[in-house]
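Single-structure report; data block below.
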Amino acid sequence: RDLPAADRLVEALNNKAPLDLRVNPLKIQRDEALQLMQAAPYAAAEPEPSKFSPWGIRLANKPAINHWPLFKNGSLEVQDEGSQILCALVGPRRSDMVIDFCAGAGGKTLLLGAMMRSAGRLYAFDVSEARLARARPRLSRSGLSNVTPVVIANENDPRVKRLAGKAERVLVDAPCSGFGTLRRNPDMKWRQSPTALAELCDLQQRILQSAARCVAPSGRLVYSTCSVLPEENEAQIQQFLAKHPDFRLLNAVTTLGDRIQGLTSEDDYLRLRPDVHGTDGFFAAVLERRSA
């Protein structure tokens, strides 16, 4: 069937999402994990390597993975492939100071920490103590020692200001409408309204401005959402760049380099869609602070 792009997207968002895992590169490589997963209790889930992420494993169904030895020992973690690609976009180095500004339950924090080989310093900020508490057992399983979870009052917390100009990498995975994740949260479409969206857009811009202050000269700021709406995505970046001539937009696919193969984009942004890439709907932009 030849559907218009928008209809294909809507149809894909109405289908159930697969379950994506990823290996913890501090503990195991993907080839080794897939080899071990040929046997019980893993084989029934039909594990396959994910299409783009070098760490990803996609399951055909949703087994009780919290009983799996590879999960319990921290070798496997749950993370959507789109979210894994986002970490590759941040591309932290071992000696970097990195801030995951809206860390939530820590899915991206864990992969960023492993990419840093547990070196450098990684701050996991969130306004919700409950969300960060959910990250703690995951952190202890992961074997990471370079992560500092920090509960902040809001985007202007003094602890944020203390890091002004210090971080080589800052990730803002902003709170958003979540329209790119409707396959996982179908009831979300009834919970949004134009007023709620306008409030979210205000919050996104405030968080982006605040996170930008932490970026060191020549450092990188990655802004992302799991939304497909332009007002939460492209419009936010244009608004930010208009106020911040000291930042420039980098090409996202070029920034990924050889870490992730096979993605293309007609402009500088990275957009992932369930109908095209098989991931949740994601948007990302890479901003670089000009050197002083």
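Each chain in the structure tokens gets a letter, A, B and so on, in the order shown; residues start at 1 in every chain, and ligands are counted from 1 in the order they appear.
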What's the 9 Å shell around A:Asn156, counting only C-alpha atoms, without same-chain residues fewer than 3 positions away, as a PDB file with N, CA and C atoms, in the first residue's frame?
ATOM      1  N   ILE A 152      17.473  18.287  41.448  1.00  0.00           N
ATOM      2  CA  ILE A 152      17.484  19.758  41.384  1.00  0.00           C
ATOM      3  C   ILE A 152      16.062  20.289  41.571  1.00  0.00           C
ATOM      4  N   ALA A 153      15.959  21.505  42.126  1.00  0.00           N
ATOM      5  CA  ALA A 153      14.643  22.095  42.387  1.00  0.00           C
ATOM      6  C   ALA A 153      13.969  22.491  41.082  1.00  0.00           C
ATOM      7  N   ARG A 159      22.926  24.469  41.997  1.00  0.00           N
ATOM      8  CA  ARG A 159      23.898  23.421  41.619  1.00  0.00           C
ATOM      9  C   ARG A 159      24.124  23.402  40.109  1.00  0.00           C
ATOM     10  N   VAL A 160      23.113  23.835  39.358  1.00  0.00           N
ATOM     11  CA  VAL A 160      23.274  23.956  37.902  1.00  0.00           C
ATOM     12  C   VAL A 160      24.225  25.122  37.621  1.00  0.00           C
ATOM     13  N   LYS A 161      23.986  26.239  38.331  1.00  0.00           N
ATOM     14  CA  LYS A 161      24.788  27.453  38.077  1.00  0.00           C
ATOM     15  C   LYS A 161      26.260  27.238  38.404  1.00  0.00           C
ATOM     16  N   ARG A 206      13.063  27.022  28.514  1.00  0.00           N
ATOM     17  CA  ARG A 206      13.751  27.424  29.749  1.00  0.00           C
ATOM     18  C   ARG A 206      14.868  26.432  30.103  1.00  0.00           C
ATOM     19  N   ILE A 207      14.565  25.134  29.961  1.00  0.00           N
ATOM     20  CA  ILE A 207      15.564  24.099  30.270  1.00  0.00           C
ATOM     21  C   ILE A 207      16.751  24.202  29.314  1.00  0.00           C
ATOM     22  N   SER A 210      18.950  27.125  30.203  1.00  0.00           N
ATOM     23  CA  SER A 210      19.688  26.881  31.440  1.00  0.00           C
ATOM     24  C   SER A 210      20.819  25.869  31.215  1.00  0.00           C
TER      25      SER A 210
END
Exercise. Check stretch 170-279 of chain A with DSSP on the backbone and list each residue it calls alpha helix (DSSP H), as a PyMOL selection string.
Key: chain A and resi 194-213+234-243+252-256+274-277
Considering only C-alpha atoms, tabulate each residue of stretch 147-216 of chain A that lies at most 6 Å from stretch 226-240 of chain A along with its nearest interatomic pair and the corresponding distance in Å to one decimal; arrange the rows by chain and ascending residue number and present them as JSON lines.
{"residue": "A:Gly178", "atom": "CA", "partner": "A:Ser227", "partner_atom": "CA", "distance": 5.1}
{"residue": "A:Phe179", "atom": "CA", "partner": "A:Ser227", "partner_atom": "CA", "distance": 4.7}
{"residue": "A:Gly180", "atom": "CA", "partner": "A:Ser227", "partner_atom": "CA", "distance": 4.5}
{"residue": "A:Cys201", "atom": "CA", "partner": "A:Glu232", "partner_atom": "CA", "distance": 5.9}
Go ahead and dump the residues you just picked, N, CA, C and O atoms, as a PDB file, in the first residue's frame.
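And here's out_38.pdb as it stands now:
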ATOM      1  N   GLY A 178       5.515  13.489  24.124  1.00  0.00           N
ATOM      2  CA  GLY A 178       5.662  12.037  23.995  1.00  0.00           C
ATOM      3  C   GLY A 178       4.960  11.449  22.788  1.00  0.00           C
ATOM      4  O   GLY A 178       4.775  10.235  22.700  1.00  0.00           O
ATOM      5  N   PHE A 179       4.596  12.302  21.819  1.00  0.00           N
ATOM      6  CA  PHE A 179       3.843  11.788  20.666  1.00  0.00           C
ATOM      7  C   PHE A 179       4.634  10.784  19.818  1.00  0.00           C
ATOM      8  O   PHE A 179       4.057  10.059  19.028  1.00  0.00           O
ATOM      9  N   GLY A 180       5.945  10.744  20.011  1.00  0.00           N
ATOM     10  CA  GLY A 180       6.729   9.741  19.289  1.00  0.00           C
ATOM     11  C   GLY A 180       6.658   8.360  19.922  1.00  0.00           C
ATOM     12  O   GLY A 180       7.138   7.379  19.354  1.00  0.00           O
ATOM     13  N   CYS A 201       6.238  23.695  25.796  1.00  0.00           N
ATOM     14  CA  CYS A 201       7.190  24.416  24.930  1.00  0.00           C
ATOM     15  C   CYS A 201       7.928  25.505  25.713  1.00  0.00           C
ATOM     16  O   CYS A 201       9.128  25.701  25.529  1.00  0.00           O
TER      17      CYS A 201
END
Exercise. Write out as a PyMOL selection string the residues lying within 8 Å of stretch 34-39 of chain A, counting only C-alpha atoms and excluding same-chain residues fewer than 4 positions away.
Key: chain A and resi 30+43+47-49+57
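Listed by chain and then by rising number, the residues of stretch 152-279 of chain A that DSSP assigns to strand (DSSP E) from the backbone are Ala167, Glu168, Arg169, Val170, Leu171, Val172, Asp173, Val215, Ala216, Pro217, Ser218, Gly219, Arg220, Leu221, Val222, Tyr223, Ser224, Thr225, Phe247, Arg248, Leu249, Leu250, Leu270, Arg271 and Leu272 of chain A.
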Quiz prompt | Separation of atom CA of A:Val78 from atom CA of A:Arg22, in Å and rounded to one decimal | solution =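 So the answer is 6.3 Å.
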